[in-house]
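Enquirer: One structure coming up, written as structure tokens, with questions to follow.
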Amino acid sequence: MSTQIEQQETETEQEEQEAEIESPGERRRAEKREREAEREAQRETEEATLDDEETVLLKVFRYDPEVEGKQEPRFDDFRVPFHKGMTVLDALIYARDEYDSSLTFRHSCRQAVCGSDALFVNGRQMLGCKTQLAELESPVRIEPLPHQEVVKDLVVDMEHFYDQMHAVEPYFDADDLPEDELEEQRQSRENREKVKMSTRCIWCGACMSSCNIAAGDNEYLGPAAINKAYRFAMDEREGADRKQERLRIIEQEHGVWRCQTQFSCTEVCPKDIPLTEHIQELKREAVKNNLKFW
Amino acid sequence: MYEHDVIVVGAGGAGLRAAIAADEEGADVALVTKLHPVRSHTGAAEGGINAALRDGDSWDLHAYDTMKGSDYLADAPAVDTFAKSAPEEVIQIEHWGMPFSREDDGRVSQRPFGGMSFPRTTYAGAETGHHLLHTMYEQAVKRGIEVYDEWYVTNLAVTDHEDPEDRECHGCVAYDIKSGEIHGFKANNGVILATGGLGQAFDHTTNAVANTGDGCAMAYRAGAPMEDMEMIQFHPTTLPSTGVLISEGVRGEGGILYNGEEERFMFEYGYANNDGELASRDVVSRAELTEINEGRGIEEEYVDLDMRHLGEERILDRLENILHLAEDFEGVDGLDEPMPVKPGQHYAMGGVECDENGETCISGLYAAGETACVSLHGANRLGGNALPELLVFGARAGWHAAGKDMKTAEIGTGPSAKSEDGAVEPPVEPGAIDASSEDVVADGAAVEPTAVIENAVENERERVETLLEEDGINHANVRADVQETMTQNVNVFREEESLKDALRDIREARKEYENVAVSDPSRTYNTDLIHTIETRNILDVAEAITLGALAREEFRGAHWRAEHQERKDDEWIKHTMLAWSDGTPELYYKPVELEGDEETYEPKERSY
Ligand SMILES: Cc1cc2nc3c(=O)[nH]c(=O)nc-3n(C[C@H](O)[C@H](O)[C@H](O)COP(=O)(O)OP(=O)(O)OC[C@H]3O[C@@H](n4cnc5c(N)ncnc54)[C@H](O)[C@@H]3O)c2cc1C
Ligand code: SF4
Ligand code: FES
């Protein structure tokens, strides 16, 4: 055994107090406790005198199919202290950690790459972590993404979104690969530029949730999945045969032709992907392609 | 009970690569992951992936750079295997469609990176990790690999033999976040842990909220030791409110750091008279913290990184991405005002001890990616070396677990690799509050696979019931206390007294954790419960980091000690190992393997 104890833990209160005076760590912890008490007191006075400038009022959608009192959807109010740079996600985390640990929402990266926290904030789809509170009208109304089944509070069921993504065969699948396993495929800079925006999708589902067509036609592939198809159909490395198959997929009944160019998806996409443009371009490709064969 | 040949826990870069490899070998493989795969933090990596691809470069140069960067704490068999395999792995993901940035001739671009003697860093814009993660997930979809997403793995199902090297891992226990059900997962061939980083042990980190060191803690408690846990990399320029990384590129282009008195402190206080802002990560981080601690910080918290003098045109051309980050996550316009920055935890070099095939000392238990320690990065990871590690060692773990015939590992694992007992004098007892009541019974009773799993499932059901039904305190404060003391005391500055303070604080937090309970009674998507379980893991890894830091009395790589400011090669070229030993942590050392395939690496001064 190797981890020797330098100094046995003190048993009696008196000894503990002595140790407290002796050890710098104890002293620091005592100071910390004092500071905490001070902060607590300060917080209390602050909370008592809070005016709207320093806090933000959140109205958060709540629902839990299992818990009594939450089975009927409702909105809860949370007043959280505001600081510069604070995002909607920061505010939710504050509300959860300080007021109600059952407040439920997905989040992970806090930097707009994991796509977990697309929410409906003041009537618009956005990522909680990428939205500054300072830019929002108060009170801030936070709801789960519309048109998706709510699992609990702000968590929606993403299965349908994933199914649509998977339906377009979302994986690179070249007709031919270089023979040498150490040789890369060539791709022109222009071609990479062409697919670049489409490769930025983080699967957040904001676009699908904003789309009227998707709301009315459950089988519609939706903007994100069509964009995924675009990403591969336009990648010159895959080859002509694969492109044919890809065009066939997006041309189906619930594919590109459903889109009525309302641009709502493009407006909400947190990665600024020109979704509507990509859909339009695929429509043109499909037409060109059909002319070629007829 | 679910059953598969190979179970991969975690679906970031390492987990996905492992699963694809196992599938290539014909195994029935499943990914069990608390986040949907595309939500994994591999997606946050920006810079790039190193591999020796071109004429003039070679694997041994890459290996040499890696060893030097590690400050001679990496194991040569790991480094050599890595550098040799990185090129095929990188070309492989190109064949899988990775949208790499390109040269005029259509080949994959490479750029220079810190510590690399050749421009060998491949990249896809400033979003390399995002593209890597999505490309690999797509390939997993193509192969029809089963994914249990939003399933939280709580513990491993391991036989309870006395000696960890006799133990066998038969599967794991997972909690279905959506339904609240707990199920056993039986792995006929092996379980691969690929759970990523542990940044949440600190309150300021570039890591995701989900990076809570679960894999490390689970393996540790099952008997696989943790290695070199004290080796934590801190990044000097992260945004204060979120920890979002501001790339080194800003300083590379001429960005200047100022303290609260508008002094260019890197020069004015002599932290780096030659390189100034461009000194290495640890030097800049320590300088910033000194300024802040001595009262010259801004709002007692951060310093300023100013790039305004570069001019709008140059900023928009080369650093546009930074403008978005500062704006979106800090509410600051980098064209108009300086950006606040401070050091943040970034990467864990240490982790679950394993060999070049990913195997731990427990048969059937593997580790890969940031949660593992092969050891490739030793005391310091070079930028761009983590992503290829996911590929190379993720694949090897997957192949090995699926039964592929592979070269016998040279790196030793488990207690039999021990060379020396450790000596560390913690001020309080580390480990479980009541070690005798810990899970592993070590009477050799449970050995039959199904029984082992059922046992583990039962234990977990009980734990969850208790957490849900009893009254107690919220875990969030316990977690915050640990994170605060870690950032305060176990950061780039490590002083004996502060480290001891941290251990005392962690001890106190452990005691408080005895009283936690979950107030949300729901079985549906109970994140309160998940976070509460994670906090226990954070306690274990935080303590391991601190114990290792207290034990290692020297300055090596990312680890700096106030009382011991030089590298001591005679004494300290050895790995710090920590074994759980049923709740009473045991510290010991294992030798570093410096003998490589081509050469024996000779420790040299790490200067650039
Ligand atoms: C901001 C940032 C930038 C970086 N830039 C670079 C770079 O440019 N180049 C480079 O080489 N490296 C970089 N790194 C490091 C590198 O990105 C990471 O080390 C690496 O991506 C980790 O991958 P992973 O597969 O091990 O873990 P992750 O990608 O974090 O995946 C972990 C997985 O484990 C799952 N999981 C965790 N716990 C559980 C559990 N209990 N049950 C079930 N599932 C679980 C999660 O759901 C997730 O799927 C960077 C890191 C950061 C934070
Ligand atoms: S296209 Fe944009 S809005 Fe739609 S899922 Fe992808 S990132 Fe989200
Ligand atoms: S938390 Fe990851 S996108 Fe917002």
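Following the order of the structure tokens, first chain is A, next is B, and so on, with residues numbered from 1 inside each chain and ligands from 1 in the order they appear.
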Please return, as an NGL selection string, all residues of chain B lying within 7 Å of chain A when only C-alpha atoms are considered.

Expert: :B and (38-41 or 43-44 or 88 or 91 or 94-97 or 99 or 102-104 or 106-107 or 138-139 or 142 or 208-210 or 244 or 328-331 or 421-429 or 476 or 501 or 519-520 or 522 or 525 or 527-528 or 586-587)

Enquirer: Residues of chain A that approach ligand 2 to 8 Å or less, counting only C-alpha atoms and all ligand atoms: could you list each one with the shortest pair of atoms and its distance in Å to one decimal, rows by chain and increasing residue number, as CSV?

Expert:
```
residue,atom,partner,partner_atom_place_in_ligand_line,distance
A:Gly115,CA,ligand 2,8 (Fe),6.9
A:Ala118,CA,ligand 2,8 (Fe),7.9
A:Ser198,CA,ligand 2,1 (S),7.7
A:Arg200,CA,ligand 2,7 (S),6.8
A:Cys201,CA,ligand 2,6 (Fe),3.7
A:Ile202,CA,ligand 2,7 (S),4.5
A:Trp203,CA,ligand 2,5 (S),3.8
A:Cys204,CA,ligand 2,8 (Fe),4.0
A:Gly205,CA,ligand 2,5 (S),4.1
A:Ala206,CA,ligand 2,3 (S),4.3
A:Cys207,CA,ligand 2,3 (S),4.0
A:Met208,CA,ligand 2,4 (Fe),6.3
A:Pro223,CA,ligand 2,4 (Fe),6.4
A:Ala224,CA,ligand 2,1 (S),4.4
A:Ala225,CA,ligand 2,1 (S),7.9
A:Asn227,CA,ligand 2,1 (S),6.7
A:Cys265,CA,ligand 2,3 (S),6.4
A:Thr266,CA,ligand 2,3 (S),7.4
A:Val268,CA,ligand 2,3 (S),6.1
A:Cys269,CA,ligand 2,3 (S),3.6
A:Pro270,CA,ligand 2,2 (Fe),5.7
A:Lys271,CA,ligand 2,7 (S),5.2
A:Asp272,CA,ligand 2,2 (Fe),6.8
A:Ile273,CA,ligand 2,2 (Fe),5.9
A:Leu275,CA,ligand 2,1 (S),6.6
```

Enquirer: So that I can check the surroundings of Leu499 of chain B, please list as a list of chain:residue names every protein, DNA and RNA residue that reaches within 9 Å of it, counting only C-alpha atoms and ignoring chain neighbours fewer than 2 positions away.

Expert: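 The residues that qualify are B:Pro426, B:Met486, B:Asn489, B:Val490, B:Arg494, B:Glu495, B:Glu496, B:Glu497, B:Asp501, B:Ala502, B:Leu503, B:Arg504, B:Thr546, B:Leu547, B:Ala549, B:Leu550.
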
Enquirer: For N, CA, C and O atoms, I'd like the residues from the last selection saved as a PDB file, in the first residue's frame.

Expert:
```
ATOM      1  N   PRO B 426      -1.114  11.862   0.893  1.00  0.00           N
ATOM      2  CA  PRO B 426      -2.307  12.694   0.862  1.00  0.00           C
ATOM      3  C   PRO B 426      -2.690  13.108   2.280  1.00  0.00           C
ATOM      4  O   PRO B 426      -2.448  12.354   3.220  1.00  0.00           O
ATOM      5  N   MET B 486     -10.708  22.043  -8.379  1.00  0.00           N
ATOM      6  CA  MET B 486      -9.787  21.557  -9.413  1.00  0.00           C
ATOM      7  C   MET B 486      -9.237  22.725 -10.228  1.00  0.00           C
ATOM      8  O   MET B 486      -8.043  22.802 -10.500  1.00  0.00           O
ATOM      9  N   ASN B 489      -6.924  24.770  -7.831  1.00  0.00           N
ATOM     10  CA  ASN B 489      -5.731  24.164  -7.224  1.00  0.00           C
ATOM     11  C   ASN B 489      -4.968  23.164  -8.076  1.00  0.00           C
ATOM     12  O   ASN B 489      -3.836  22.834  -7.772  1.00  0.00           O
ATOM     13  N   VAL B 490      -5.590  22.640  -9.100  1.00  0.00           N
ATOM     14  CA  VAL B 490      -4.912  21.599  -9.875  1.00  0.00           C
ATOM     15  C   VAL B 490      -4.807  22.041 -11.331  1.00  0.00           C
ATOM     16  O   VAL B 490      -4.995  21.273 -12.256  1.00  0.00           O
ATOM     17  N   ARG B 494       0.818  24.137  -9.898  1.00  0.00           N
ATOM     18  CA  ARG B 494       0.576  23.073  -8.939  1.00  0.00           C
ATOM     19  C   ARG B 494       1.535  23.221  -7.775  1.00  0.00           C
ATOM     20  O   ARG B 494       2.737  23.057  -7.925  1.00  0.00           O
ATOM     21  N   GLU B 495       0.982  23.585  -6.640  1.00  0.00           N
ATOM     22  CA  GLU B 495       1.797  23.716  -5.448  1.00  0.00           C
ATOM     23  C   GLU B 495       1.352  22.674  -4.462  1.00  0.00           C
ATOM     24  O   GLU B 495       0.173  22.341  -4.382  1.00  0.00           O
ATOM     25  N   GLU B 496       2.301  22.197  -3.676  1.00  0.00           N
ATOM     26  CA  GLU B 496       1.992  21.099  -2.780  1.00  0.00           C
ATOM     27  C   GLU B 496       0.766  21.392  -1.922  1.00  0.00           C
ATOM     28  O   GLU B 496      -0.154  20.591  -1.816  1.00  0.00           O
ATOM     29  N   GLU B 497       0.763  22.580  -1.320  1.00  0.00           N
ATOM     30  CA  GLU B 497      -0.343  22.888  -0.415  1.00  0.00           C
ATOM     31  C   GLU B 497      -1.686  22.943  -1.133  1.00  0.00           C
ATOM     32  O   GLU B 497      -2.701  22.493  -0.628  1.00  0.00           O
ATOM     33  N   ASP B 501      -4.972  20.782  -0.573  1.00  0.00           N
ATOM     34  CA  ASP B 501      -6.284  21.414  -0.377  1.00  0.00           C
ATOM     35  C   ASP B 501      -7.329  20.763  -1.264  1.00  0.00           C
ATOM     36  O   ASP B 501      -8.453  20.495  -0.846  1.00  0.00           O
ATOM     37  N   ALA B 502      -6.935  20.554  -2.513  1.00  0.00           N
ATOM     38  CA  ALA B 502      -7.883  19.951  -3.450  1.00  0.00           C
ATOM     39  C   ALA B 502      -8.306  18.579  -2.948  1.00  0.00           C
ATOM     40  O   ALA B 502      -9.489  18.228  -2.990  1.00  0.00           O
ATOM     41  N   LEU B 503      -7.354  17.803  -2.452  1.00  0.00           N
ATOM     42  CA  LEU B 503      -7.711  16.467  -1.968  1.00  0.00           C
ATOM     43  C   LEU B 503      -8.670  16.552  -0.780  1.00  0.00           C
ATOM     44  O   LEU B 503      -9.588  15.749  -0.648  1.00  0.00           O
ATOM     45  N   ARG B 504      -8.453  17.554   0.067  1.00  0.00           N
ATOM     46  CA  ARG B 504      -9.376  17.722   1.204  1.00  0.00           C
ATOM     47  C   ARG B 504     -10.768  18.085   0.693  1.00  0.00           C
ATOM     48  O   ARG B 504     -11.777  17.565   1.159  1.00  0.00           O
ATOM     49  N   THR B 546      -5.448  14.560  -9.023  1.00  0.00           N
ATOM     50  CA  THR B 546      -4.776  15.285  -7.958  1.00  0.00           C
ATOM     51  C   THR B 546      -3.733  14.423  -7.254  1.00  0.00           C
ATOM     52  O   THR B 546      -2.632  14.883  -6.942  1.00  0.00           O
ATOM     53  N   LEU B 547      -4.072  13.165  -7.025  1.00  0.00           N
ATOM     54  CA  LEU B 547      -3.098  12.259  -6.391  1.00  0.00           C
ATOM     55  C   LEU B 547      -1.854  12.128  -7.271  1.00  0.00           C
ATOM     56  O   LEU B 547      -0.725  12.192  -6.787  1.00  0.00           O
ATOM     57  N   ALA B 549      -0.786  14.248  -9.429  1.00  0.00           N
ATOM     58  CA  ALA B 549      -0.080  15.524  -9.466  1.00  0.00           C
ATOM     59  C   ALA B 549       0.738  15.733  -8.197  1.00  0.00           C
ATOM     60  O   ALA B 549       1.830  16.297  -8.226  1.00  0.00           O
ATOM     61  N   LEU B 550       0.218  15.240  -7.098  1.00  0.00           N
ATOM     62  CA  LEU B 550       0.936  15.386  -5.830  1.00  0.00           C
ATOM     63  C   LEU B 550       2.142  14.445  -5.807  1.00  0.00           C
ATOM     64  O   LEU B 550       3.211  14.792  -5.305  1.00  0.00           O
TER      65      LEU B 550
END
```

Enquirer: List as a PyMOL selection string the protein and nucleic acid residues lying within 6 Å of ligand 1, with only C-alpha atoms and all ligand atoms counted.

Expert: chain B and resi 9-15+32-35+37+40-42+44-49+151-154+194-197+206-207+214+245+346+369-371+383-387

Enquirer: Could the residues in this selection be written to a file with N, CA and C atoms, as a CSV table (one decimal), in the first residue's frame?

Expert:
```
chain,number,residue,atom,x,y,z
B,9,VAL,N,-18.7,1.2,-26.0
B,9,VAL,CA,-19.4,2.2,-25.2
B,9,VAL,C,-18.9,3.6,-25.6
B,10,GLY,N,-19.8,4.4,-26.3
B,10,GLY,CA,-19.3,5.7,-26.8
B,10,GLY,C,-19.2,5.6,-28.3
B,11,ALA,N,-19.7,6.7,-28.9
B,11,ALA,CA,-19.8,6.7,-30.4
B,11,ALA,C,-19.2,8.0,-30.9
B,12,GLY,N,-18.1,8.5,-30.3
B,12,GLY,CA,-17.3,9.6,-30.9
B,12,GLY,C,-16.4,9.0,-31.9
B,13,GLY,N,-15.3,9.7,-32.3
B,13,GLY,CA,-14.4,9.2,-33.3
B,13,GLY,C,-13.9,7.8,-32.9
B,14,ALA,N,-13.5,7.6,-31.7
B,14,ALA,CA,-12.8,6.4,-31.3
B,14,ALA,C,-13.9,5.2,-31.3
B,15,GLY,N,-15.0,5.4,-30.8
B,15,GLY,CA,-16.0,4.4,-30.7
B,15,GLY,C,-16.5,4.0,-32.1
B,32,VAL,N,-23.2,1.6,-27.8
B,32,VAL,CA,-24.1,2.0,-26.8
B,32,VAL,C,-23.6,3.4,-26.3
B,33,THR,N,-24.4,4.4,-26.5
B,33,THR,CA,-23.9,5.7,-26.3
B,33,THR,C,-24.9,6.7,-25.6
B,34,LYS,N,-24.4,7.5,-24.7
B,34,LYS,CA,-25.4,8.4,-24.0
B,34,LYS,C,-25.9,9.5,-24.8
B,35,LEU,N,-25.1,9.9,-25.9
B,35,LEU,CA,-25.5,10.9,-26.8
B,35,LEU,C,-25.7,10.2,-28.2
B,37,PRO,N,-24.6,9.5,-31.7
B,37,PRO,CA,-23.2,9.6,-32.2
B,37,PRO,C,-22.8,11.0,-32.7
B,40,SER,N,-21.4,13.7,-30.3
B,40,SER,CA,-20.1,13.5,-29.6
B,40,SER,C,-19.1,14.7,-29.7
B,41,HIS,N,-18.3,14.8,-28.7
B,41,HIS,CA,-17.4,16.0,-28.7
B,41,HIS,C,-16.3,15.9,-29.8
B,42,THR,N,-16.1,14.8,-30.4
B,42,THR,CA,-15.1,14.8,-31.5
B,42,THR,C,-15.5,15.9,-32.5
B,44,ALA,N,-16.2,18.8,-32.1
B,44,ALA,CA,-15.7,20.2,-31.8
B,44,ALA,C,-14.3,20.4,-32.2
B,45,ALA,N,-13.6,19.4,-32.6
B,45,ALA,CA,-12.2,19.6,-32.9
B,45,ALA,C,-12.1,20.5,-34.2
B,46,GLU,N,-11.1,21.4,-34.1
B,46,GLU,CA,-11.0,22.3,-35.2
B,46,GLU,C,-9.8,22.1,-36.1
B,47,GLY,N,-8.6,22.0,-35.5
B,47,GLY,CA,-7.4,22.1,-36.2
B,47,GLY,C,-7.0,21.1,-37.2
B,48,GLY,N,-6.9,19.8,-36.9
B,48,GLY,CA,-6.5,18.9,-37.9
B,48,GLY,C,-6.1,17.5,-37.4
B,49,ILE,N,-5.6,16.7,-38.4
B,49,ILE,CA,-5.2,15.3,-38.2
B,49,ILE,C,-3.8,15.1,-38.7
B,151,TRP,N,-28.5,5.8,-24.4
B,151,TRP,CA,-28.4,4.8,-23.4
B,151,TRP,C,-27.2,5.1,-22.6
B,152,TYR,N,-27.3,5.2,-21.3
B,152,TYR,CA,-26.2,5.6,-20.4
B,152,TYR,C,-25.6,4.4,-19.8
B,153,VAL,N,-24.3,4.1,-20.1
B,153,VAL,CA,-23.7,2.9,-19.5
B,153,VAL,C,-23.2,3.3,-18.0
B,154,THR,N,-23.7,2.5,-17.1
B,154,THR,CA,-23.5,2.9,-15.7
B,154,THR,C,-22.3,2.1,-15.1
B,194,ALA,N,-15.0,3.9,-25.0
B,194,ALA,CA,-14.6,5.0,-25.9
B,194,ALA,C,-15.4,6.2,-25.5
B,195,THR,N,-15.3,6.5,-24.2
B,195,THR,CA,-16.2,7.5,-23.6
B,195,THR,C,-15.6,9.0,-23.6
B,196,GLY,N,-14.4,9.2,-24.2
B,196,GLY,CA,-14.0,10.5,-24.4
B,196,GLY,C,-13.3,11.2,-23.2
B,197,GLY,N,-13.3,12.5,-23.1
B,197,GLY,CA,-12.6,13.2,-22.1
B,197,GLY,C,-13.2,13.4,-20.8
B,206,THR,N,-12.8,23.3,-22.4
B,206,THR,CA,-13.2,23.3,-23.7
B,206,THR,C,-14.0,22.1,-24.0
B,207,ASN,N,-14.1,21.2,-23.1
B,207,ASN,CA,-14.9,19.9,-23.2
B,207,ASN,C,-16.4,20.1,-23.1
B,214,ASP,N,-16.6,9.1,-17.6
B,214,ASP,CA,-17.3,7.9,-17.2
B,214,ASP,C,-16.5,6.6,-17.4
B,245,LEU,N,-13.1,27.5,-27.3
B,245,LEU,CA,-11.7,27.7,-27.7
B,245,LEU,C,-11.5,28.8,-28.7
B,346,HIS,N,-8.3,21.4,-21.3
B,346,HIS,CA,-8.5,21.1,-22.8
B,346,HIS,C,-8.5,19.6,-23.1
B,369,GLY,N,-9.3,6.0,-27.6
B,369,GLY,CA,-9.6,7.4,-27.6
B,369,GLY,C,-9.1,8.2,-26.4
B,370,GLU,N,-9.8,9.3,-26.1
B,370,GLU,CA,-9.3,10.2,-25.1
B,370,GLU,C,-9.4,9.5,-23.7
B,371,THR,N,-10.3,8.6,-23.6
B,371,THR,CA,-10.5,7.9,-22.3
B,371,THR,C,-9.3,6.9,-22.0
B,383,GLY,N,-0.8,19.2,-30.9
B,383,GLY,CA,-2.0,19.5,-31.6
B,383,GLY,C,-2.1,18.6,-32.8
B,384,GLY,N,-3.3,18.1,-33.1
B,384,GLY,CA,-3.5,17.2,-34.3
B,384,GLY,C,-3.1,15.8,-34.1
B,385,ASN,N,-2.7,15.4,-32.9
B,385,ASN,CA,-2.4,14.0,-32.7
B,385,ASN,C,-3.5,13.2,-32.0
B,386,ALA,N,-4.5,13.8,-31.5
B,386,ALA,CA,-5.6,13.1,-30.9
B,386,ALA,C,-6.6,12.4,-31.9
B,387,LEU,N,-6.9,13.2,-32.9
B,387,LEU,CA,-7.8,12.6,-33.9
B,387,LEU,C,-7.3,11.4,-34.6
```

Enquirer: Using DSSP on the backbone, list every residue of segment 84-187 of chain A that comes out as alpha helix (DSSP H), and give them as a list in words.

Expert: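 DSSP on the backbone gives alpha helix (DSSP H) at Val88, Leu89, Asp90, Ala91, Leu92, Ile93, Tyr94, Ala95, Arg96, Asp97, Glu98, Glu159, His160, Phe161, Tyr162, Asp163, Gln164, Met165, His166 and Ala167 of chain A.
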
Enquirer: Distance atom CA of Phe82 of chain B-atom CA of Val592 of chain B, one decimal place?

Expert: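 Computing the Euclidean distance for atom CA of Phe82 of chain B and atom CA of Val592 of chain B yields 16.5 Å.
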
Enquirer: Residues near Ile362 of chain B, anyone? I mean within 9 Å using only C-alpha atoms, not counting same-chain ones fewer than 5 positions away, as a VMD selection string.

Expert: chain B and resid 158 164 to 169 222 to 224 414

Enquirer: Write out as number ranges by chain the residues lying within 7 Å of Pro77 of chain B, counting only C-alpha atoms and excluding same-chain residues fewer than 2 positions away.

Expert: B: 75, 79-81, 410, 596

Enquirer: Atoms to include: C-alpha atoms. Write the selected residues as a short mmCIF file (atom, residue, chain, number, x, y, z; two decimals), in the first residue's frame.

Expert:
```cif
data_model
loop_
_atom_site.label_atom_id
_atom_site.label_comp_id
_atom_site.auth_asym_id
_atom_site.auth_seq_id
_atom_site.Cartn_x
_atom_site.Cartn_y
_atom_site.Cartn_z
CA ASP B 75 5.69 4.42 -24.82
CA VAL B 79 4.17 5.90 -30.74
CA ASP B 80 5.63 3.74 -33.52
CA THR B 81 2.40 1.87 -34.16
CA GLU B 410 4.67 -5.10 -26.15
CA GLY B 596 11.24 1.71 -30.46
#
```

Enquirer: DSSP on the backbone, strand (DSSP E or B) only: what residues of segment 120-212 of chain A does that give? Format it as a list in words.

Expert: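 Strand (DSSP E or B) members of segment 120-212 of chain A, listed: Phe120, Val121, Arg124, Gln125, Met126, Leu127, Gln132, Val140, Arg141, Ile142, Glu143, Val150, Val151, Lys152, Val155 and Val156 of chain A.
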
Enquirer: Go ahead and dump the residues you just picked, C-alpha atoms, as a PDB file, in the first residue's frame.

Expert:
```pdb
ATOM      1  CA  PHE A 120     -38.310  27.247 -30.153  1.00  0.00           C
ATOM      2  CA  VAL A 121     -37.430  30.578 -28.588  1.00  0.00           C
ATOM      3  CA  ARG A 124     -38.422  30.851 -33.779  1.00  0.00           C
ATOM      4  CA  GLN A 125     -36.161  27.792 -34.071  1.00  0.00           C
ATOM      5  CA  MET A 126     -32.656  28.420 -32.763  1.00  0.00           C
ATOM      6  CA  LEU A 127     -29.802  26.798 -30.880  1.00  0.00           C
ATOM      7  CA  GLN A 132     -27.479  35.657 -26.773  1.00  0.00           C
ATOM      8  CA  VAL A 140     -38.121  34.833 -23.140  1.00  0.00           C
ATOM      9  CA  ARG A 141     -40.484  32.076 -24.081  1.00  0.00           C
ATOM     10  CA  ILE A 142     -38.772  28.719 -24.520  1.00  0.00           C
ATOM     11  CA  GLU A 143     -40.573  25.770 -26.084  1.00  0.00           C
ATOM     12  CA  VAL A 150     -42.480  16.085 -26.977  1.00  0.00           C
ATOM     13  CA  VAL A 151     -40.802  13.516 -24.766  1.00  0.00           C
ATOM     14  CA  LYS A 152     -40.495  15.749 -21.739  1.00  0.00           C
ATOM     15  CA  VAL A 155     -36.855  17.290 -25.238  1.00  0.00           C
ATOM     16  CA  VAL A 156     -38.467  16.128 -28.461  1.00  0.00           C
TER      17      VAL A 156
END
```

Enquirer: Hey, what's within 8 Å of Thr55 of chain A if we count only C-alpha atoms and toss same-chain stuff fewer than 6 positions away? As an NGL selection string, please?

Expert: :A and (79-82)

Enquirer: Would you save the residues of that selection, restricted to N, CA, C and O atoms, as a PDB file, in the first residue's frame?

Expert:
```pdb
ATOM      1  N   ARG A  79     -36.888  33.368 -13.033  1.00  0.00           N
ATOM      2  CA  ARG A  79     -36.194  34.646 -13.179  1.00  0.00           C
ATOM      3  C   ARG A  79     -34.717  34.403 -12.906  1.00  0.00           C
ATOM      4  O   ARG A  79     -34.339  33.969 -11.833  1.00  0.00           O
ATOM      5  N   VAL A  80     -33.887  34.615 -13.897  1.00  0.00           N
ATOM      6  CA  VAL A  80     -32.463  34.317 -13.715  1.00  0.00           C
ATOM      7  C   VAL A  80     -31.631  35.593 -13.833  1.00  0.00           C
ATOM      8  O   VAL A  80     -31.969  36.485 -14.605  1.00  0.00           O
ATOM      9  N   PRO A  81     -30.543  35.675 -13.057  1.00  0.00           N
ATOM     10  CA  PRO A  81     -29.681  36.849 -13.137  1.00  0.00           C
ATOM     11  C   PRO A  81     -29.016  36.905 -14.505  1.00  0.00           C
ATOM     12  O   PRO A  81     -28.613  35.869 -15.046  1.00  0.00           O
ATOM     13  N   PHE A  82     -28.906  38.078 -15.034  1.00  0.00           N
ATOM     14  CA  PHE A  82     -28.353  38.235 -16.375  1.00  0.00           C
ATOM     15  C   PHE A  82     -26.907  38.727 -16.305  1.00  0.00           C
ATOM     16  O   PHE A  82     -26.573  39.549 -15.480  1.00  0.00           O
TER      17      PHE A  82
END
```

Enquirer: What does the distance between atom CA of Ala326 of chain B and atom CA of Leu92 of chain A come to in Å, to one decimal place?

Expert: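 Separation between atom CA of Ala326 of chain B and atom CA of Leu92 of chain A: 20.5 Å.
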